[in-house]
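Working notes, beginning with the structure itself.
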Amino acid sequence: MMKNLLRTAFEKRAPLFDVTDAYRVVNGAADGFPGLTLDRFGDRFQVQYFGDELLRERRAIVDAVVETFNPACVVVKERLSRSGKSLENAPMEVAYGSREDAAGTVREGNAKFHVDLLDTVNPGLFLDMRHVRLEVEERFRAMSNNVRFLNLFSYTCSFSVHARLGGAAVATNADISGKILDKGRENYALNGLDLRPGEFFRGNALEYVRWAQKKGLKFDGIVLDPPSFARFKGMNFNVREHLMPLVADCASILNPGGFFMVSSNYSEFALDSFARDVLDAVRSVHKEARTAWKRGQDIDFAGSGATKDSCLVATMVEV
């Protein structure tokens, strides 16, 4: 029964097989596994428990994953404490394979990325932003030479890798973590991309945007994909309070003819109002801005929006 459910869920993701080997195989109750997600990262698989519904079946689930997919490694993470609170430092274990097998590379369109299922709760690549990353690359392919890209809250710089592969002359990454930016540099190297001046900024995203305003820097594409909360050098970022003012600031350094993608995994945002608020903020600078699209997660996130651990609001604005 469990293996049949896994096979059925896997087959639903068939349209992605030629695109990538990193995707969500099971997204909770929508795929018959309440409180559980299963992600594939190349030859390694990650099981996450966001509820206790299937914790008693933990061993049986790992065995079913091994028998169905023949992975090199299976890592299990518990994202919920026994008292029901969400855990950022999730307990994790290698349930199959070795610790060395938990790290490797995955492919996504023309790009490759390093992942490590044991590094933190996030392996290094957010799967629900794949369709936007691929679009960013295509948008830069259609642009002229000497175009610039800005990636705020850049994490491991996957958007910028796609932008550079698409032809961006410079892809600037801003993140508060030096360790994370080092992983971005590794992803550049993995894809044969040279490091260009001004591409890595360790610091607060708002700090960078205000610096760029003072310097008169302009960009042809911007991605703003912040966490719900962040803290850096005594400054707090709260997505409910601070996102839309930051959107307006970013709009001031966006060139006419450019694009601006804004997204959030904050579960209390509703897509229509979020897209409308983003457009209003951009129009405070670019009066003729228009919404190119608004959407949630890709096809591998079946039932997206039904639970707090599977939600995304994203919108693309063109100016």
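Here's how to read the names in the structure tokens: chain A, B, ... by the order shown, residue numbers from 1 in each chain, ligand numbers from 1 in the order shown.
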Please report, as CSV, each residue of stretch 126-193 of chain A lying at most 12 Å from stretch 248-253 of chain A, together with the nearest pair of atoms and the separation in Å rounded to one decimal; use only C-alpha atoms, and order rows by chain and ascending residue number.
residue,atom,partner,partner_atom,distance
A:Arg148,CA,A:Ile253,CA,11.0
A:Phe149,CA,A:Ile253,CA,10.8
A:Leu150,CA,A:Cys250,CA,9.5
A:Asn151,CA,A:Cys250,CA,10.9
A:Leu152,CA,A:Cys250,CA,9.7
Which of stretch 24-115 of chain A fall in strand (DSSP E), as a PyMOL selection string: chain A and resi 24-27+36-41+44-49+73-78+92-96+103-108+111-115
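Taking only C-alpha atoms into account, A:Ala30 lies nearest to A:Ile299 out of the set A:Glu318, A:Val278, A:Gly192, A:Ile299.
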Pick out the closest residue to A:Ala171 from this set: A:Asn146, A:Asn191, A:Asn238, A:Ser98. Count only C-alpha atoms.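 Smallest distance to A:Ala171 is found for A:Asn146.
Taking atom CA of A:Cys311 and atom CA of A:Leu36 as endpoints, the distance between them is 14.6 Å.
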Which of stretch 170-233 of chain A fall in helix (DSSP H, G or I), as a ChimeraX atom specification: /A:178-190,205-215
Produce a file of the selected residues containing C-alpha atoms, as an mmCIF file, in the first residue's frame.
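Printed below is selection27.cif as written:
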data_model
loop_
_atom_site.group_PDB
_atom_site.id
_atom_site.type_symbol
_atom_site.label_atom_id
_atom_site.label_comp_id
_atom_site.auth_asym_id
_atom_site.auth_seq_id
_atom_site.Cartn_x
_atom_site.Cartn_y
_atom_site.Cartn_z
ATOM 1 C CA GLY A 178 29.030 34.762 4.981
ATOM 2 C CA LYS A 179 28.850 30.967 5.129
ATOM 3 C CA ILE A 180 25.833 30.968 2.815
ATOM 4 C CA LEU A 181 27.523 33.336 0.362
ATOM 5 C CA ASP A 182 30.520 30.981 0.286
ATOM 6 C CA LYS A 183 28.112 28.250 -0.806
ATOM 7 C CA GLY A 184 26.941 30.617 -3.520
ATOM 8 C CA ARG A 185 30.512 31.034 -4.714
ATOM 9 C CA GLU A 186 30.805 27.238 -4.826
ATOM 10 C CA ASN A 187 27.664 27.084 -6.983
ATOM 11 C CA TYR A 188 29.167 29.661 -9.347
ATOM 12 C CA ALA A 189 32.303 27.518 -9.641
ATOM 13 C CA LEU A 190 30.255 24.360 -10.179
ATOM 14 C CA ALA A 205 19.107 43.529 2.108
ATOM 15 C CA LEU A 206 17.780 46.972 3.007
ATOM 16 C CA GLU A 207 21.364 48.091 3.692
ATOM 17 C CA TYR A 208 22.374 47.035 0.181
ATOM 18 C CA VAL A 209 19.367 48.653 -1.510
ATOM 19 C CA ARG A 210 20.003 51.980 0.217
ATOM 20 C CA TRP A 211 23.680 51.806 -0.727
ATOM 21 C CA ALA A 212 22.720 51.089 -4.343
ATOM 22 C CA GLN A 213 20.343 54.081 -4.303
ATOM 23 C CA LYS A 214 23.155 56.372 -3.136
ATOM 24 C CA LYS A 215 25.545 54.998 -5.772
#
